[in-house]
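Chemist: Handing over final.txt, compact mmCIF, C-alpha atoms.
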# COMPACT_ATOMS: atom_id res chain seq x y z
CA MET A 1 99.06 -76.88 187.24
CA SER A 2 100.33 -74.34 189.74
CA ARG A 3 103.72 -74.33 187.95
CA LEU A 4 102.17 -73.28 184.63
CA ARG A 5 100.31 -70.34 186.07
CA PRO A 6 103.44 -68.09 186.60
CA ILE A 7 104.59 -68.86 183.06
CA ALA A 8 101.15 -68.05 181.67
CA VAL A 9 101.08 -64.76 183.60
CA LEU A 10 104.54 -63.79 182.28
CA PHE A 11 103.55 -64.70 178.73
CA ALA A 12 100.33 -62.69 178.93
CA SER A 13 102.20 -59.72 180.42
CA ALA A 14 104.74 -59.80 177.60
CA LEU A 15 101.96 -59.84 175.01
CA MET A 16 100.23 -56.89 176.63
CA LEU A 17 103.46 -54.86 176.75
CA ALA A 18 104.19 -55.63 173.10
CA ALA A 19 100.73 -54.37 172.18
CA CYS A 20 101.24 -51.10 174.08
CA GLY A 21 103.02 -49.22 171.30
CA GLN A 22 101.85 -45.63 170.98
CA GLU A 23 99.15 -45.31 168.42
CA ALA A 24 97.20 -42.30 167.20
CA PRO A 25 93.49 -42.50 166.39
CA GLY A 26 93.03 -44.40 163.16
CA GLY A 27 95.94 -46.74 163.85
CA ALA A 28 98.81 -44.47 162.74
CA ASP A 29 101.94 -44.14 164.86
CA ALA A 30 101.63 -41.41 167.45
CA PRO A 31 104.29 -38.71 167.68
CA PRO A 32 106.77 -39.13 170.54
CA PRO A 33 106.05 -37.31 173.81
CA ALA A 34 107.39 -33.78 174.06
CA ASP A 35 109.92 -34.83 176.72
CA ALA A 36 111.26 -37.77 174.67
CA PRO A 37 114.98 -37.59 173.79
CA PRO A 38 115.60 -36.46 170.20
CA GLU A 39 116.27 -39.13 167.64
CA ALA A 40 119.83 -39.37 166.40
CA ALA A 41 120.35 -37.28 163.31
CA ALA A 42 120.89 -39.17 160.10
CA PRO A 43 124.51 -39.23 159.00
CA ALA A 44 125.38 -36.45 156.58
CA GLU A 45 125.14 -37.41 152.94
CA PRO A 46 128.34 -37.23 150.96
CA ALA A 47 128.69 -34.10 148.87
CA GLY A 48 127.40 -35.91 145.80
CA GLN A 49 129.49 -35.54 142.70
CA TYR A 50 132.13 -33.55 144.61
CA ALA A 51 132.81 -36.27 147.21
CA VAL A 52 135.73 -37.53 145.10
CA ASP A 53 139.22 -36.25 144.33
CA PHE A 54 139.08 -33.43 141.77
CA GLY A 55 141.53 -31.73 139.44
CA ALA A 56 141.41 -28.35 137.75
CA ARG A 57 143.67 -26.66 135.23
CA GLY A 58 143.93 -23.54 133.20
CA THR A 59 146.03 -21.74 130.63
CA GLU A 60 147.44 -18.23 130.32
CA PRO A 61 148.98 -18.64 132.82
CA PHE A 62 149.32 -22.42 133.06
CA TRP A 63 148.26 -23.85 136.40
CA ARG A 64 146.87 -27.01 137.92
CA ALA A 65 145.15 -27.73 141.25
CA ASP A 66 144.47 -31.20 142.62
CA VAL A 67 142.15 -31.85 145.54
CA LYS A 68 142.93 -35.14 147.23
CA GLY A 69 141.07 -35.66 150.48
CA THR A 70 141.59 -32.47 152.47
CA THR A 71 144.67 -31.22 150.60
CA ILE A 72 144.78 -28.87 147.61
CA THR A 73 148.07 -28.92 145.69
CA ILE A 74 148.69 -26.11 143.19
CA THR A 75 151.40 -26.47 140.55
CA ARG A 76 152.62 -24.05 137.92
CA PRO A 77 155.51 -24.29 135.45
CA GLU A 78 157.68 -22.34 137.90
CA PRO A 79 158.23 -23.64 141.43
CA PRO A 80 157.37 -23.72 144.23
CA GLU A 81 154.35 -25.98 144.50
CA VAL A 82 151.67 -24.63 146.89
CA VAL A 83 150.05 -27.02 149.35
CA ALA A 84 146.88 -25.92 151.14
CA THR A 85 145.68 -28.12 153.98
CA ASN A 86 142.48 -28.83 155.88
CA ALA A 87 140.32 -28.21 152.82
CA ALA A 88 136.63 -28.13 153.67
CA LEU A 89 134.08 -28.90 150.96
CA GLY A 90 130.82 -27.02 150.68
CA THR A 91 128.22 -27.63 147.98
CA SER A 92 125.28 -25.71 146.60
CA GLY A 93 123.34 -27.04 143.64
CA THR A 94 125.81 -27.84 140.87
CA THR A 95 128.75 -26.09 142.57
CA GLY A 96 131.38 -27.47 144.91
CA THR A 97 133.78 -25.18 146.79
CA TRP A 98 136.89 -26.28 148.67
CA THR A 99 138.31 -23.75 151.14
CA ALA A 100 141.78 -24.21 152.67
CA GLN A 101 144.91 -22.40 153.87
CA ALA A 102 148.44 -22.43 152.47
CA GLY A 103 150.29 -20.92 155.43
CA THR A 104 148.52 -17.60 155.90
CA THR A 105 147.18 -17.49 152.33
CA PRO A 106 143.55 -18.51 151.77
CA VAL A 107 142.97 -20.92 148.88
CA VAL A 108 139.50 -21.42 147.39
CA LEU A 109 138.72 -23.74 144.49
CA THR A 110 135.20 -23.43 143.08
CA VAL A 111 134.00 -26.04 140.59
CA THR A 112 130.69 -25.77 138.75
CA GLN A 113 129.08 -28.38 136.54
CA ALA A 114 129.08 -26.77 133.09
CA ALA A 115 130.74 -27.55 129.75
CA CYS A 116 134.27 -26.17 129.55
CA SER A 117 137.10 -25.97 127.02
CA ASP A 118 140.65 -24.99 127.88
CA GLY A 119 140.95 -23.07 124.58
CA MET A 120 144.25 -24.72 123.66
CA SER A 121 143.30 -28.34 123.03
CA ASP A 122 140.35 -30.36 121.81
CA LEU A 123 139.72 -31.65 125.32
CA LYS A 124 136.21 -31.23 126.68
CA TYR A 125 135.46 -30.93 130.38
CA ASP A 126 132.21 -31.25 132.30
CA TYR A 127 133.14 -28.60 134.90
CA THR A 128 134.43 -25.02 135.04
CA ALA A 129 136.90 -23.95 137.74
CA GLU A 130 137.95 -20.81 139.53
CA LEU A 131 141.00 -20.90 141.78
CA ARG A 132 141.63 -18.09 144.25
CA GLU A 133 145.01 -18.05 145.95
CA GLY A 134 145.10 -14.93 148.07
CA ASP A 135 144.44 -12.05 145.64
CA VAL A 136 145.22 -14.13 142.52
CA VAL A 137 142.21 -15.43 140.57
CA LEU A 138 142.69 -18.10 137.90
CA LYS A 139 140.01 -19.59 135.67
CA GLY A 140 139.96 -22.95 133.93
CA CYS A 141 138.26 -26.32 133.66
CA ALA A 142 137.83 -29.15 136.16
CA PHE A 143 137.30 -32.91 136.30
CA PRO A 144 137.09 -35.81 138.73
CA LEU A 145 140.64 -37.20 138.89
CA SER A 146 139.31 -40.65 138.02
CA ALA A 147 137.96 -39.26 134.71
CA GLU A 148 140.72 -36.83 133.71
CA PRO A 149 140.41 -35.92 130.01
CA ARG A 150 143.51 -36.85 128.01
CA GLU A 151 144.60 -36.08 124.47
CA GLY A 152 143.95 -38.86 121.96
CA GLU A 153 141.17 -40.55 123.95
Mind turning the file's structure into structure tokens?

Modeler:
Amino acid sequence: MSRLRPIAVLFASALMLAACGQEAPGGADAPPPADAPPEAAAPAEPAGQYAVDFGARGTEPFWRADVKGTTITITRPEPPEVVATNAALGTSGTTGTWTAQAGTTPVVLTVTQAACSDGMSDLKYDYTAELREGDVVLKGCAFPLSAEPREGE
């Protein structure tokens, strides 16, 4: 029987430690002590509807901008293509804004959820767009690249 006693003591000790969770009056969990290390922050949520590749285009003058990952590529009928890198996405409500640099030129594409028409086709878009490349401001419509509106669809 002397061999069982140490096991019984260990078992009882383990049960008592398990029951020692912090508890506030009434049985609710007690807040952690003031000197407790902070809990790890929850991972940032994706930027909702803007956490995908986006496209934008406009007319008069014709232009297109594609955001793929952290790169914004701007094309126009006349070369050269402009590539802005390290695009950072910020969101506020129904608006997503990508900010990047093409060399020394700032590039900002702002997309807002709102009905849009390009004025030259029957295509309907769910987003408006404003592209700023340095001092140039272009307006148009935008779309997730996976749902790009096409004629005849």

Chemist: Which is closest to Ser121 in chain A among A:Gly93, A:Pro149, A:Pro80, A:Gly55, if we use only C-alpha atoms?

Modeler: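 The shortest atom-to-atom distance to Ser121 in chain A comes from A:Pro149.
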
Chemist: Step by step: start from the point (144.2, -27.1, 131.0) in the file's coordinates, keep every protein, DNA or RNA residue that has an atom no farther than 6 Å from it, count only C-alpha atoms, and write the set as a list in words.

Modeler: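 These residues have at least one counted atom within 6 Å: Arg57, Gly58, Thr59 and Asp118 of chain A.
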
Chemist: Asp126 in chain A: which residues within 10 Å, counting all atoms listed in the file, same-chain residues fewer than 3 positions away excluded, as number ranges by chain?

Modeler: A: 111-117, 141-144, 149

Chemist: Just how far from CA of Gly48 in chain A is CA of Ala102 in chain A, in Å to one decimal?

Modeler: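 CA of Gly48 in chain A lies at a distance of 25.9 Å from CA of Ala102 in chain A.
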
Chemist: What gap, in Å, lies between CA of Thr99 in chain A and CA of Ala65 in chain A?

Modeler: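 Separating CA of Thr99 in chain A from CA of Ala65 in chain A is a distance of 12.7 Å.
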
Chemist: Have a look at CA of Thr70 in chain A and CA of Tyr50 in chain A and let me know their distance in Å, one decimal.

Modeler: 12.3 Å

Chemist: Padding 5 Å on every side, please: axis-aligned box over the listed atoms of range 110-128 of chain A, centre and edge lengths to one decimal in Å, as AutoDock Vina command-line options.

Modeler:
--center_x 136.7 --center_y -27.4 --center_z 132.4 --size_x 25.2 --size_y 18.6 --size_z 31.3

Chemist: With only C-alpha atoms as the basis for distance, which of A:Arg150, A:Gly90, A:Thr73, A:Ala56 is at the shortest distance from Leu123 in chain A?

Modeler: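 Going through A:Arg150, A:Gly90, A:Thr73, A:Ala56 one by one, the smallest distance to Leu123 in chain A is for A:Arg150.
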
Chemist: Which residues are near Gly134 in chain A? Cut-off 10 Å, all atoms listed in the file, ignore same chain within fewer than 4 positions. Put them as a count of residues only.

Modeler: 7

Chemist: For a quick check of understanding, using all atoms listed in the file, which of A:Ala100, A:Arg132, A:Tyr125, A:Ser92 has the smallest distance to Glu148 in chain A?

Modeler: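 Looking at the shortest contact to Glu148 in chain A, the residue is A:Tyr125.
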
Chemist: Given the choices A:Glu78, A:Thr110, A:Thr71, A:Arg64, which gets closest to Tyr127 in chain A if the distance is worked out from all atoms listed in the file?

Modeler: A:Thr110
